[in-house]
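For reference, the structure is listed below as structure tokens.
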Amino acid sequence: MIRSMTAFASGERATEWGTLGCELRSVNHRFLEIGVRLHDDLRALEPVLRERIAARLGRGKLDLTLRLRSPEGASGLHADPTRLRELSDLAIDLSARFPGLHTEFTQLLQFPGVLQAPATDAAALQAQALALLDEVLDEFIQAREREGAKLAAVINERVDGIAAIAAGVREIMPAIRTGQRTKLEARLADLTQPADPGRLEQELVIWLQKLDVEEELDRLDSHVAEARRVLKLREAVGRRLDFLLQEFNREANTLGSKSVDARSSASAVELKVLIDQVREQVQNIE
């Protein structure tokens with residue numbers, strides 16, 4: 001299924017250490033580029049997060065954010081009463097020896113062990129973060145596929161248009177060749193000196209061969225069939241379609257350069273318009 005490179009997904013998960021929040025967003029990019037913003041308690045998880053994303057996504061500039069929000073009403077820090085009692089006893093003991101000794105409360109808080117953060121089970125928290133990432137990744141890929149289905153419909157419509165133009169040119173080519181032959185014969189008839197009929201026929205055949213576009217039309221039909229096949233593949237096809245469009249464009253350019261009729265020239269222009277429209281859509285595909 002075709003996937004777009006542009007998508008967004010988010011999710012939350014409650015843990016005993018707070019609420020984990022995960023956001024994943026992406027835009028177009030030639031390769032896979034992952035930017036990560038993590039809570040301090042999850043920084044050690046960054047390599048695993050990158051590997052897990054790269055295993056499921058092929059292209060795009062992605063931004064992953066993992067936050068941890070403390071529970072409502074919970075305090076992030078608390079004072080150790082045992083440590084404070086030890087400092088109080090020490091202050092009472094020293095006050096008899098140093099009557100002028102004064103200690104600010106903020107200075108007490110700076111002693112090691114006085115202020116403590118709630119204990120966190122790092123392994124359990126990381127496991128919760130990975131599970132949340134998997135959920136968000138599932139939603140993110142579904143969003144890419146929904147947008148990709150819309151892109152595929154647009155591309156298929158343009159490919160059908162290319163096939164129709166190629167069929168139309170193939171249909172009018174006999175009339176174009178006949179008209180060109182008639183014009184050339186009329187000009188030759190106006191010559192003051194008669195020319196060798198055999199030589200004239202040979203030159204006429206060579207000239208008409210230069211105008212022949214059957215080979216280009218056959219290749220266009222082949223590219224159309226390949227594009228339809230690729231659009232049904234269940235893998236990243238953006239680069240393959242981009243290369244295929246170069247082949248489409250080459251045939252359209254050759255068709256235009258060989259044209260000697262307004263109808264085939266107009267068809268070549270229409271082909272290039274449709275090919276450019278497909279290219280714009282392909283830039284969004286993974």
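Simple scheme: letters A, B, ... for chains in structure tokens order, numbers from 1 for residues in each chain, numbers from 1 for ligands in the order shown.
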
Long-range neighbours of Gln246 of chain A as a ChimeraX atom specification, 10 Å cut-off, only C-alpha atoms, 5 positions minimum in chain: /A:241,251-252,275,279

N, CA and C atoms of the current selection, written as a tab-separated table (two decimals), in the first residue's frame:
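New file result_37.tsv:
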chain	number	residue	atom	x	y	z
A	241	LEU	N	9.15	4.98	-8.24
A	241	LEU	CA	8.27	5.80	-9.07
A	241	LEU	C	8.99	7.04	-9.59
A	251	GLU	N	10.37	9.81	-22.91
A	251	GLU	CA	9.53	9.46	-24.06
A	251	GLU	C	8.68	10.65	-24.51
A	252	ALA	N	8.19	11.43	-23.54
A	252	ALA	CA	7.39	12.60	-23.90
A	252	ALA	C	8.24	13.63	-24.65
A	275	ILE	N	2.77	14.25	-16.43
A	275	ILE	CA	3.96	13.68	-15.80
A	275	ILE	C	4.43	14.58	-14.66
A	279	ARG	N	4.75	13.70	-10.70
A	279	ARG	CA	5.99	13.91	-9.97
A	279	ARG	C	5.74	14.68	-8.67

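When only C-alpha atoms are used to measure the gap to Asn156 of chain A, the shortest distance among A:Leu94, A:Ile2, A:Ala268, A:Ala122 belongs to A:Ile2.
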
Spatial neighbours of Leu233 of chain A, 12 Å, only C-alpha atoms, chain gap at least 6 places, as number ranges by chain: A: 1-3, 152, 226-227, 240-241

Considering only C-alpha atoms, state which residue in the set A:Leu211, A:Met5, A:Ala166, A:Leu133 is at the smallest distance from Val237 of chain A.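 Nearest to Val237 of chain A: A:Met5.
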
Find the spatial neighbours of Ala163 of chain A, counting only C-alpha atoms, within a cut-off of 8 Å - ignore same-chain residues fewer than 5 positions away - and output them as a PyMOL selection string. chain A and resi 220-221+224

Surrounding residues of Glu46 of chain A excluding itself and chain neighbours under 5 positions, 10 Å, only C-alpha atoms, as number ranges by chain: A: 36-38, 51-52

For Leu245 of chain A, the nearest of the candidates A:Leu32, A:Leu45, A:Ala14, A:Leu271, counting only C-alpha atoms: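 For Leu245 of chain A, the nearest of the candidates is A:Leu271.
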
Between atom CA of Glu286 of chain A and atom CA of Glu139 of chain A, what is the distance in Å, rounded to a tenth? 16.2 Å

Residues of segment 7-168 of chain A in alpha helix (DSSP H), written as a PyMOL selection string: chain A and resi 46-54+81-95+105-109+122-168

Using atom CA of Arg144 of chain A and atom CA of Ala7 of chain A as the two end points, give the distance in Å to one decimal.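 Taking atom CA of Arg144 of chain A as the start and atom CA of Ala7 of chain A as the end point, the length is 5.6 Å.
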
Between A:Gly58, A:Pro81, A:Gly179, A:Gly161, which has the minimum distance to Leu274 of chain A (counting only C-alpha atoms)?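 Smallest separation from Leu274 of chain A among the options: A:Gly161.
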
Just the residues within 10 Å of Glu16 of chain A, please, counting only C-alpha atoms, with nothing from its chain fewer than 2 positions along; format it as a VMD selection string. chain A and resid 14 18 to 19 70 to 71 120 to 121 124 to 125

Excluding Ala123 of chain A and residues on its chain fewer than 4 positions from it, collect all residues at most 12 Å away from it, counting only C-alpha atoms, and give them as a list of chain:residue names. A:Asp41, A:Leu42, A:Ala44, A:Leu45, A:Ala127, A:Gln128, A:Ala129, A:Leu130

Take the residues from that selection and write them out as a short mmCIF file (atom, residue, chain, number, x, y, z; two decimals), in the first residue's frame, keeping all heavy atoms.
data_model
loop_
_atom_site.label_atom_id
_atom_site.label_comp_id
_atom_site.auth_asym_id
_atom_site.auth_seq_id
_atom_site.Cartn_x
_atom_site.Cartn_y
_atom_site.Cartn_z
N ASP A 41 14.75 10.86 32.08
CA ASP A 41 14.74 9.46 32.52
C ASP A 41 14.68 8.48 31.35
O ASP A 41 14.79 7.27 31.57
CB ASP A 41 13.55 9.20 33.45
CG ASP A 41 13.69 9.92 34.79
OD1 ASP A 41 14.85 10.22 35.15
OD2 ASP A 41 12.67 10.19 35.44
N LEU A 42 14.51 8.99 30.11
CA LEU A 42 14.38 8.11 28.95
C LEU A 42 15.51 8.28 27.95
O LEU A 42 15.48 7.66 26.88
CB LEU A 42 13.04 8.39 28.24
CG LEU A 42 11.78 8.12 29.07
CD1 LEU A 42 10.55 8.64 28.35
CD2 LEU A 42 11.63 6.63 29.36
N ALA A 44 18.51 7.19 27.88
CA ALA A 44 19.26 5.97 27.57
C ALA A 44 18.54 5.11 26.54
O ALA A 44 19.14 4.20 25.95
CB ALA A 44 19.49 5.17 28.85
N LEU A 45 17.27 5.40 26.32
CA LEU A 45 16.46 4.60 25.40
C LEU A 45 16.58 5.06 23.95
O LEU A 45 16.05 4.41 23.05
CB LEU A 45 14.99 4.67 25.85
CG LEU A 45 14.02 3.58 25.40
CD1 LEU A 45 14.51 2.22 25.86
CD2 LEU A 45 12.63 3.87 25.94
N ALA A 127 10.12 0.31 29.48
CA ALA A 127 9.22 -0.67 28.86
C ALA A 127 7.87 -0.04 28.52
O ALA A 127 7.29 -0.29 27.46
CB ALA A 127 9.03 -1.86 29.80
N GLN A 128 7.39 0.82 29.42
CA GLN A 128 6.13 1.53 29.16
C GLN A 128 6.28 2.48 27.98
O GLN A 128 5.38 2.61 27.14
CB GLN A 128 5.71 2.31 30.41
CG GLN A 128 5.32 1.46 31.60
CD GLN A 128 3.89 0.97 31.52
OE1 GLN A 128 3.23 1.09 30.48
NE2 GLN A 128 3.41 0.39 32.60
N ALA A 129 7.44 3.14 27.89
CA ALA A 129 7.67 4.08 26.79
C ALA A 129 7.72 3.36 25.45
O ALA A 129 7.17 3.84 24.44
CB ALA A 129 8.98 4.84 27.02
N LEU A 130 8.35 2.19 25.40
CA LEU A 130 8.41 1.41 24.16
C LEU A 130 7.03 0.93 23.75
O LEU A 130 6.68 0.93 22.55
CB LEU A 130 9.36 0.23 24.33
CG LEU A 130 10.85 0.58 24.37
CD1 LEU A 130 11.67 -0.67 24.68
CD2 LEU A 130 11.31 1.19 23.06
#

So how many Å separate atom CA of Asp218 of chain A and atom CA of Leu244 of chain A, to one decimal?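 Result for atom CA of Asp218 of chain A versus atom CA of Leu244 of chain A: 14.8 Å, one decimal.
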
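Nearest residue to Glu23 of chain A among A:Arg177, A:Arg219, A:Arg67, A:Arg228 is A:Arg67, counting only C-alpha atoms.
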
For Phe248 of chain A, the nearest of the candidates A:Ala9, A:Val230, A:Lys272, A:Glu235, counting only C-alpha atoms: A:Lys272
